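Note: the block below is input-v8.pdb and it holds PDB, C-alpha atoms.
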ATOM      1  CA  MET K   1     126.805 -22.719 146.701
ATOM      2  CA  ILE K   2     123.766 -23.412 148.898
ATOM      3  CA  VAL K   3     120.474 -23.407 146.965
ATOM      4  CA  ARG K   4     117.907 -21.744 149.189
ATOM      5  CA  PRO K   5     114.337 -22.805 148.324
ATOM      6  CA  ILE K   6     111.118 -20.854 148.131
ATOM      7  CA  GLY K   7     108.863 -21.943 150.986
ATOM      8  CA  VAL K   8     105.192 -22.475 150.210
ATOM      9  CA  VAL K   9     102.710 -23.036 153.036
ATOM     10  CA  ASP K  10      99.038 -23.986 152.898
ATOM     11  CA  SER K  11      96.426 -25.535 155.156
ATOM     12  CA  GLY K  12      96.594 -28.637 152.971
ATOM     13  CA  LEU K  13      96.569 -29.518 149.286
ATOM     14  CA  GLY K  14      95.060 -26.306 147.915
ATOM     15  CA  GLY K  15      98.313 -24.387 147.782
ATOM     16  CA  LEU K  16      99.549 -26.833 145.165
ATOM     17  CA  SER K  17      97.559 -24.690 142.718
ATOM     18  CA  VAL K  18      99.865 -21.809 143.653
ATOM     19  CA  TRP K  19     103.007 -23.971 143.657
ATOM     20  CA  GLN K  20     102.146 -25.152 140.142
ATOM     21  CA  THR K  21     101.882 -21.554 138.936
ATOM     22  CA  LEU K  22     105.100 -20.547 140.703
ATOM     23  CA  VAL K  23     106.990 -23.327 138.930
ATOM     24  CA  ARG K  24     105.675 -22.159 135.558
ATOM     25  CA  HIS K  25     106.850 -18.587 136.270
ATOM     26  CA  LEU K  26     110.080 -19.460 138.082
ATOM     27  CA  PRO K  27     111.175 -22.930 136.880
ATOM     28  CA  GLU K  28     114.794 -22.423 137.902
ATOM     29  CA  GLU K  29     113.882 -22.078 141.591
ATOM     30  CA  SER K  30     113.700 -24.856 144.186
ATOM     31  CA  TYR K  31     110.636 -25.208 146.408
ATOM     32  CA  LEU K  32     109.757 -26.575 149.818
ATOM     33  CA  TYR K  33     106.008 -27.073 150.160
ATOM     34  CA  PHE K  34     104.312 -27.582 153.534
ATOM     35  CA  GLY K  35     100.691 -28.751 153.500
ATOM     36  CA  ASP K  36      99.059 -28.882 156.936
ATOM     37  CA  SER K  37      96.357 -31.365 155.935
ATOM     38  CA  GLY K  38      96.340 -32.938 159.378
ATOM     39  CA  TYR K  39      94.870 -29.691 160.759
ATOM     40  CA  CYS K  40      92.788 -28.708 157.730
ATOM     41  CA  PRO K  41      90.462 -26.857 157.256
ATOM     42  CA  TYR K  42      91.707 -23.517 158.564
ATOM     43  CA  GLY K  43      88.770 -21.463 157.300
ATOM     44  CA  SER K  44      86.699 -21.837 160.481
ATOM     45  CA  ARG K  45      89.610 -21.718 162.970
ATOM     46  CA  THR K  46      90.259 -18.750 165.241
ATOM     47  CA  VAL K  47      93.050 -16.298 164.517
ATOM     48  CA  ASP K  48      94.959 -17.522 167.580
ATOM     49  CA  ASP K  49      94.705 -21.144 166.433
ATOM     50  CA  ILE K  50      96.019 -20.248 162.989
ATOM     51  CA  LEU K  51      98.867 -18.150 164.391
ATOM     52  CA  ARG K  52     100.015 -20.996 166.654
ATOM     53  CA  ARG K  53     100.114 -23.471 163.784
ATOM     54  CA  VAL K  54     101.655 -21.149 161.222
ATOM     55  CA  THR K  55     104.397 -19.961 163.567
ATOM     56  CA  ARG K  56     105.560 -23.555 164.012
ATOM     57  CA  ILE K  57     105.442 -24.172 160.279
ATOM     58  CA  VAL K  58     107.335 -21.001 159.391
ATOM     59  CA  ASP K  59     109.955 -21.832 162.035
ATOM     60  CA  PHE K  60     110.458 -25.109 160.179
ATOM     61  CA  LEU K  61     110.704 -23.383 156.781
ATOM     62  CA  VAL K  62     113.229 -20.865 158.103
ATOM     63  CA  GLU K  63     115.299 -23.698 159.609
ATOM     64  CA  LYS K  64     115.322 -25.234 156.120
ATOM     65  CA  GLN K  65     116.849 -21.953 154.850
ATOM     66  CA  CYS K  66     113.868 -20.821 152.779
ATOM     67  CA  LYS K  67     114.699 -17.400 151.327
ATOM     68  CA  ILE K  68     111.064 -16.288 150.940
ATOM     69  CA  VAL K  69     107.758 -17.745 152.098
ATOM     70  CA  VAL K  70     104.662 -17.753 149.909
ATOM     71  CA  VAL K  71     101.574 -18.033 152.097
ATOM     72  CA  ALA K  72      99.460 -19.950 149.606
ATOM     73  CA  CYS K  73      96.299 -19.826 151.694
ATOM     74  CA  ASN K  74      93.802 -16.994 151.968
ATOM     75  CA  ALA K  75      92.770 -17.880 155.525
ATOM     76  CA  ILE K  76      96.378 -17.962 156.762
ATOM     77  CA  THR K  77      97.144 -14.700 154.976
ATOM     78  CA  ALA K  78      94.122 -12.987 156.503
ATOM     79  CA  ALA K  79      94.936 -14.187 160.010
ATOM     80  CA  SER K  80      98.710 -13.927 160.167
ATOM     81  CA  ILE K  81     100.562 -12.158 157.340
ATOM     82  CA  ASP K  82     101.167  -8.926 159.295
ATOM     83  CA  VAL K  83     102.472 -10.818 162.331
ATOM     84  CA  LEU K  84     104.732 -13.002 160.194
ATOM     85  CA  ARG K  85     106.252  -9.992 158.459
ATOM     86  CA  LYS K  86     107.041  -8.390 161.815
ATOM     87  CA  ASN K  87     108.557 -11.477 163.412
ATOM     88  CA  TYR K  88     110.708 -13.072 160.700
ATOM     89  CA  PRO K  89     113.624 -11.770 158.622
ATOM     90  CA  VAL K  90     112.512 -13.427 155.371
ATOM     91  CA  PRO K  91     110.008 -11.748 153.029
ATOM     92  CA  PHE K  92     106.455 -13.060 152.749
ATOM     93  CA  VAL K  93     104.052 -13.032 149.805
ATOM     94  CA  GLY K  94     100.419 -13.625 150.697
ATOM     95  CA  MET K  95      97.150 -14.185 148.916
ATOM     96  CA  GLU K  96      95.125 -11.066 148.180
ATOM     97  CA  PRO K  97      91.481 -11.502 147.193
ATOM     98  CA  ALA K  98      91.378 -10.814 143.452
ATOM     99  CA  ILE K  99      88.567  -8.293 143.737
ATOM    100  CA  LYS K 100      90.520  -5.590 141.893
ATOM    101  CA  PRO K 101      90.654  -7.247 138.426
ATOM    102  CA  ALA K 102      87.076  -8.474 138.781
ATOM    103  CA  SER K 103      85.866  -4.969 139.691
ATOM    104  CA  ILE K 104      87.799  -3.346 136.858
ATOM    105  CA  HIS K 105      86.522  -5.704 134.168
ATOM    106  CA  THR K 106      82.949  -6.371 135.282
ATOM    107  CA  ARG K 107      80.300  -5.492 132.710
ATOM    108  CA  THR K 108      77.253  -6.044 134.908
ATOM    109  CA  GLY K 109      78.661  -4.285 137.983
ATOM    110  CA  VAL K 110      78.191  -7.442 140.060
ATOM    111  CA  VAL K 111      80.985  -9.832 141.060
ATOM    112  CA  GLY K 112      80.928 -12.934 143.223
ATOM    113  CA  VAL K 113      83.491 -14.051 145.782
ATOM    114  CA  LEU K 114      83.697 -17.668 146.878
ATOM    115  CA  ALA K 115      85.860 -17.987 149.997
ATOM    116  CA  THR K 116      86.134 -19.439 153.484
ATOM    117  CA  GLU K 117      84.527 -17.834 156.505
ATOM    118  CA  ARG K 118      87.902 -16.750 157.944
ATOM    119  CA  THR K 119      88.896 -14.993 154.709
ATOM    120  CA  LEU K 120      85.620 -13.103 154.399
ATOM    121  CA  LYS K 121      85.800 -11.955 158.026
ATOM    122  CA  GLY K 122      89.399 -10.774 157.728
ATOM    123  CA  LYS K 123      90.589  -7.179 157.624
ATOM    124  CA  LEU K 124      92.511  -7.825 154.398
ATOM    125  CA  PHE K 125      89.344  -8.771 152.531
ATOM    126  CA  SER K 126      87.426  -5.829 154.000
ATOM    127  CA  ASP K 127      90.177  -3.364 153.078
ATOM    128  CA  THR K 128      90.555  -4.783 149.566
ATOM    129  CA  ARG K 129      86.826  -4.643 148.968
ATOM    130  CA  SER K 130      86.599  -1.042 150.206
ATOM    131  CA  LYS K 131      89.570   0.042 148.102
ATOM    132  CA  TYR K 132      88.699  -1.566 144.788
ATOM    133  CA  ALA K 133      84.997  -2.399 144.810
ATOM    134  CA  ALA K 134      83.335   0.691 146.246
ATOM    135  CA  ASN K 135      81.218   1.105 143.112
ATOM    136  CA  VAL K 136      80.610  -2.587 142.489
ATOM    137  CA  GLN K 137      78.135  -4.988 144.069
ATOM    138  CA  VAL K 138      80.036  -7.870 145.673
ATOM    139  CA  ILE K 139      78.174 -11.091 146.446
ATOM    140  CA  GLU K 140      80.050 -13.087 149.098
ATOM    141  CA  LYS K 141      79.576 -16.768 149.880
ATOM    142  CA  ALA K 142      81.344 -18.645 152.665
ATOM    143  CA  ALA K 143      81.685 -21.971 150.888
ATOM    144  CA  ASN K 144      81.741 -24.382 153.820
ATOM    145  CA  GLY K 145      82.656 -27.928 152.838
ATOM    146  CA  LEU K 146      84.533 -27.270 149.602
ATOM    147  CA  VAL K 147      87.997 -27.423 151.165
ATOM    148  CA  GLU K 148      87.150 -30.825 152.604
ATOM    149  CA  LYS K 149      86.000 -31.992 149.169
ATOM    150  CA  VAL K 150      89.344 -31.058 147.634
ATOM    151  CA  GLU K 151      91.291 -32.594 150.525
ATOM    152  CA  SER K 152      89.439 -35.863 149.887
ATOM    153  CA  LEU K 153      90.184 -35.561 146.125
ATOM    154  CA  ASP K 154      86.473 -35.274 145.340
ATOM    155  CA  PHE K 155      86.258 -32.693 142.553
ATOM    156  CA  ASP K 156      83.085 -33.578 140.670
ATOM    157  CA  SER K 157      80.873 -36.049 142.532
ATOM    158  CA  ASP K 158      77.147 -35.416 142.800
ATOM    159  CA  SER K 159      77.558 -34.121 146.351
ATOM    160  CA  THR K 160      80.336 -31.746 145.274
ATOM    161  CA  MET K 161      78.229 -30.427 142.417
ATOM    162  CA  GLN K 162      75.291 -29.936 144.809
ATOM    163  CA  LEU K 163      77.490 -27.884 147.145
ATOM    164  CA  LEU K 164      78.835 -25.762 144.298
ATOM    165  CA  ASN K 165      75.334 -25.157 142.962
ATOM    166  CA  ARG K 166      74.142 -24.133 146.436
ATOM    167  CA  TYR K 167      76.787 -21.398 146.596
ATOM    168  CA  ILE K 168      76.993 -20.308 142.964
ATOM    169  CA  GLN K 169      73.383 -20.333 141.739
ATOM    170  CA  PRO K 170      72.313 -17.436 144.040
ATOM    171  CA  MET K 171      75.247 -15.428 142.656
ATOM    172  CA  LEU K 172      74.180 -16.148 139.087
ATOM    173  CA  ALA K 173      70.678 -15.022 140.024
ATOM    174  CA  GLU K 174      72.231 -11.653 141.015
ATOM    175  CA  ASN K 175      73.824 -11.384 137.539
ATOM    176  CA  ILE K 176      77.507 -11.778 138.419
ATOM    177  CA  ASP K 177      79.883 -11.838 135.470
ATOM    178  CA  HIS K 178      83.076 -12.507 137.466
ATOM    179  CA  LEU K 179      83.592 -15.157 140.138
ATOM    180  CA  VAL K 180      86.640 -14.679 142.358
ATOM    181  CA  LEU K 181      88.136 -17.843 143.834
ATOM    182  CA  GLY K 182      89.058 -16.737 147.345
ATOM    183  CA  CYS K 183      90.643 -20.005 148.472
ATOM    184  CA  THR K 184      93.589 -21.811 146.898
ATOM    185  CA  HIS K 185      91.727 -25.129 147.101
ATOM    186  CA  TYR K 186      89.025 -23.904 144.735
ATOM    187  CA  PRO K 187      91.017 -23.905 141.453
ATOM    188  CA  PHE K 188      90.951 -27.696 141.672
ATOM    189  CA  LEU K 189      87.163 -27.388 141.340
ATOM    190  CA  GLN K 190      87.392 -25.044 138.369
ATOM    191  CA  ALA K 191      86.188 -27.588 135.787
ATOM    192  CA  SER K 192      83.102 -28.270 137.886
ATOM    193  CA  ILE K 193      82.544 -24.565 138.498
ATOM    194  CA  ARG K 194      82.762 -23.918 134.758
ATOM    195  CA  LYS K 195      79.961 -26.425 134.165
ATOM    196  CA  ILE K 196      77.725 -24.318 136.403
ATOM    197  CA  VAL K 197      78.640 -20.784 135.343
ATOM    198  CA  GLY K 198      79.104 -21.412 131.609
ATOM    199  CA  ASP K 199      81.071 -19.137 129.325
ATOM    200  CA  GLY K 200      79.442 -15.893 130.419
ATOM    201  CA  VAL K 201      81.240 -15.679 133.769
ATOM    202  CA  THR K 202      84.977 -15.072 134.143
ATOM    203  CA  VAL K 203      86.490 -17.251 136.873
ATOM    204  CA  VAL K 204      89.340 -15.358 138.556
ATOM    205  CA  ASN K 205      92.238 -17.380 139.983
ATOM    206  CA  PRO K 206      94.719 -15.169 141.917
ATOM    207  CA  ALA K 207      97.662 -17.581 141.598
ATOM    208  CA  PRO K 208      99.298 -15.897 138.551
ATOM    209  CA  ALA K 209      99.353 -12.543 140.365
ATOM    210  CA  VAL K 210     100.963 -14.205 143.396
ATOM    211  CA  ALA K 211     103.641 -15.787 141.215
ATOM    212  CA  GLN K 212     104.342 -12.437 139.577
ATOM    213  CA  ARG K 213     104.622 -10.719 142.963
ATOM    214  CA  THR K 214     106.986 -13.443 144.180
ATOM    215  CA  SER K 215     109.207 -12.858 141.152
ATOM    216  CA  VAL K 216     109.268  -9.111 141.840
ATOM    217  CA  VAL K 217     110.159  -9.536 145.526
ATOM    218  CA  LEU K 218     112.931 -12.007 144.713
ATOM    219  CA  GLY K 219     114.350  -9.501 142.229
ATOM    220  CA  GLU K 220     114.133  -6.598 144.669
ATOM    221  CA  ARG K 221     115.891  -8.597 147.396
ATOM    222  CA  LYS K 222     118.468 -10.009 144.940
ATOM    223  CA  LEU K 223     117.374 -13.525 145.845
ATOM    224  CA  ARG K 224     116.673 -14.868 142.358
ATOM    225  CA  HIS K 225     118.363 -18.109 141.358
ATOM    226  CA  ALA K 226     120.562 -17.577 138.320
ATOM    227  CA  THR K 227     118.594 -17.621 135.079
ATOM    228  CA  GLY K 228     119.747 -20.392 132.775
ATOM    229  CA  GLU K 229     120.646 -22.705 135.630
ATOM    230  CA  PRO K 230     119.076 -26.196 135.632
ATOM    231  CA  ALA K 231     115.489 -26.392 136.859
ATOM    232  CA  GLY K 232     115.168 -26.545 140.608
ATOM    233  CA  ARG K 233     113.647 -29.362 142.644
ATOM    234  CA  SER K 234     110.600 -29.477 144.896
ATOM    235  CA  ILE K 235     110.140 -31.298 148.178
ATOM    236  CA  PHE K 236     106.697 -31.696 149.732
ATOM    237  CA  TYR K 237     105.870 -32.154 153.410
ATOM    238  CA  THR K 238     102.432 -33.015 154.733
ATOM    239  CA  THR K 239     100.927 -33.564 158.171
ATOM    240  CA  GLY K 240      98.228 -35.588 156.428
ATOM    241  CA  ASP K 241      98.088 -38.533 154.036
ATOM    242  CA  THR K 242     101.178 -38.701 151.805
ATOM    243  CA  GLU K 243      99.319 -40.850 149.269
ATOM    244  CA  LYS K 244      96.660 -38.179 148.807
ATOM    245  CA  MET K 245      99.321 -35.560 148.183
ATOM    246  CA  LYS K 246     101.059 -37.866 145.680
ATOM    247  CA  HIS K 247      97.732 -38.428 143.925
ATOM    248  CA  MET K 248      97.081 -34.682 143.752
ATOM    249  CA  LEU K 249     100.556 -34.065 142.336
ATOM    250  CA  LEU K 250      99.961 -36.786 139.760
ATOM    251  CA  SER K 251      96.675 -35.114 138.773
ATOM    252  CA  ILE K 252      98.535 -31.884 137.964
ATOM    253  CA  GLU K 253     101.230 -33.801 136.054
ATOM    254  CA  ALA K 254     103.879 -33.421 138.742
ATOM    255  CA  ALA K 255     104.834 -37.061 139.174
ATOM    256  CA  ASP K 256     108.054 -38.372 140.748
ATOM    257  CA  CYS K 257     108.078 -35.695 143.442
ATOM    258  CA  GLU K 258     109.429 -36.371 146.925
ATOM    259  CA  VAL K 259     106.570 -36.354 149.444
ATOM    260  CA  LEU K 260     107.491 -36.683 153.114
ATOM    261  CA  PRO K 261     105.328 -37.068 156.237
ATOM    262  CA  ILE K 262     105.896 -34.647 159.116
ATOM    263  CA  SER K 263     104.495 -34.010 162.561
ATOM    264  CA  LEU K 264     104.593 -30.543 164.083
TER     265      LEU K 264
END
Output the file's structure in the form of C-alpha cells.
Amino acid sequence: MIVRPIGVVDSGLGGLSVWQTLVRHLPEESYLYFGDSGYCPYGSRTVDDILRRVTRIVDFLVEKQCKIVVVACNAITAASIDVLRKNYPVPFVGMEPAIKPASIHTRTGVVGVLATERTLKGKLFSDTRSKYAANVQVIEKAANGLVEKVESLDFDSDSTMQLLNRYIQPMLAENIDHLVLGCTHYPFLQASIRKIVGDGVTVVNPAPAVAQRTSVVLGERKLRHATGEPAGRSIFYTTGDTEKMKHMLLSIEAADCEVLPISL
C-alpha cells in the first residue's frame, strides 16, 4: 500500500509551527514539508509573484502524491488559495486569520492583529474581519522584518525585541486584550511577545484550528491513514539553508529528520 503524505507549504521556516501542530493531532500521518526560504519573505511580494512560485511548488507536491496540501502561510493563502482549489484535484487547507475567536472572547472590545502586508491587504482578511469583527475594534500592524528575524533564527536579540516593541506597544496603548498572530513565523517569537504583553493579553495562534480542519477534511474525503498504524515519517525540502532548517527542527525537538535541498 502506498502511503500518501500530507503536503505542507510555507514561504520558509514559519510553517514548521503548523507542521508541529499537525503531527500532534495526526501522528499516524506522513508529511512532506516544502519551505521556500530561498524566496522568502512572501509578505511584500505581488500576487502574481506568489502564484508563480506556489504553482511550481504545488506541482512538485502533487508529483510526490500528496493527498492534501496545507498552505501553512497566511500570505500564500491570501494570494492563491482560491486559484489552487480551482486548478488541482487535491484538497487544500489554508490559514484563516484567527479574528473570530479573538472577537468572541475579547473583554475590552479591542484586538490586535500582527501580520504581513500581503495578508492584511488580502480579500480573505477583509472578509474575515467584516464577518466576525464588525462590533470589535481591530488594530492591524504590518510587522515588516519579523519573518526575516525568524528565518535567521533570531528570536530574542535586542534588535528583535525592539521590532516587536515597535509593533506591539501601540496596540497595548489601545487596550487590546487579544493579539492574533497572522503569520506562521510569529509563533516562534511567542516567548518574546509574551515578555512584552504580559499575562493580560491572550496570544492567538491559529495552528490548532488548521490542524483540526485538516483532520476533518481528511475524514470527509476518506483519506485518513489507519488509526493505530505506526507513526508516519516527515521529509523536509528547502530552497534555502538546510542547516538552518535542521537547527529550527532541533529547537522544536524534532531531531533526526531528513532535510533535503531543492531548486525550483
* Asked: Near Leu218 in chain K, counting all atoms listed in the file, which residues have an atom at most 8 Å away, once you skip same-chain residues fewer than 5 positions from it, shown as a list in words?
  -> Ile68, Leu223 and Arg224 of chain K
I need the residues from that last selection saved to file as a PDB file, keeping the file's coordinate frame (with C-alpha atoms), if you can.
ATOM      1  CA  ILE K  68     111.064 -16.288 150.940  1.00  0.00           C
ATOM      2  CA  LEU K 223     117.374 -13.525 145.845  1.00  0.00           C
ATOM      3  CA  ARG K 224     116.673 -14.868 142.358  1.00  0.00           C
TER       4      ARG K 224
END
* Would you kindly return, as a list in words, each protein, DNA or RNA residue with an atom no farther than 7 Å from any atom of range 6-17 of chain K, considering only C-alpha atoms and excluding same-chain residues fewer than 4 positions away? => Thr21, Ser30, Tyr31, Leu32, Tyr33, Phe34, Gly35, Asp36, Ser37, Cys40, Pro41, Tyr42, Leu61, Cys66, Lys67, Ile68, Val69, Val70, Val71, Ala72, Cys73, Glu151, Thr184, His185, Pro187 and Met245 of chain K
Edge lengths and centre in Å to one decimal, as AutoDock Vina command-line options, of the axis-aligned box that encloses all listed atoms of range 232-248 of chain K with 6 Å added on every side?
--center_x 105.9 --center_y -33.7 --center_z 149.4 --size_x 30.5 --size_y 26.3 --size_z 29.6
* Interatomic distance between CA of Thr242 in chain K and CA of Val147 in chain K? -> 17.4 Å
* **Selected residue, from K:Val90, K:Val110, K:Val201, K:Leu146, that lies nearest to Ala133 in chain K when counting only C-alpha atoms** => K:Val110
* Using all atoms listed in the file, determine which residues lie at most 6 Å from range 178-183 of chain K, disregarding the query and same-chain residues fewer than 4 positions distant; provide the list as an MDAnalysis selection string. => chainID K and resid 74 97 102 111:115 201:205
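When only C-alpha atoms are used to compute distances to Gly109 in chain K, the closest of the residues K:Lys64, K:Glu148, K:Asp177, K:Arg24 turns out to be K:Asp177.
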* Given the PyMOL selection byres ((chain K and resi 171) around 9), the residues it picks as a PyMOL selection string -> chain K and resi 110-113+139-141+167-170+172-176+179
Surrounding residues of Ser130 in chain K excluding itself and chain neighbours under 6 positions, 12 Å, only C-alpha atoms, as a PDB file with C-alpha atoms, in the frame of the given file:
ATOM      1  CA  PRO K  97      91.481 -11.502 147.193  1.00  0.00           C
ATOM      2  CA  ILE K  99      88.567  -8.293 143.737  1.00  0.00           C
ATOM      3  CA  LYS K 100      90.520  -5.590 141.893  1.00  0.00           C
ATOM      4  CA  SER K 103      85.866  -4.969 139.691  1.00  0.00           C
ATOM      5  CA  LYS K 123      90.589  -7.179 157.624  1.00  0.00           C
ATOM      6  CA  LEU K 124      92.511  -7.825 154.398  1.00  0.00           C
ATOM      7  CA  VAL K 136      80.610  -2.587 142.489  1.00  0.00           C
ATOM      8  CA  GLN K 137      78.135  -4.988 144.069  1.00  0.00           C
ATOM      9  CA  VAL K 138      80.036  -7.870 145.673  1.00  0.00           C
TER      10      VAL K 138
END
* Selection near range 43-54 of chain K, 8 Å with all atoms listed in the file, sequence-local residues under 2 positions removed, as an NGL selection string -> :K and (41 or 56-58 or 75-76 or 79-80 or 116-119)
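When the PyMOL selection byres ((chain K and resi 159-165) around 8) is evaluated on the file shown here, the picked residues come out as Gly145, Leu146, Lys149, Asp154, Phe155, Asp156, Ser157, Asp158, Arg166, Tyr167, Ile168, Gln169, Ser192, Ile193 and Ile196 of chain K.
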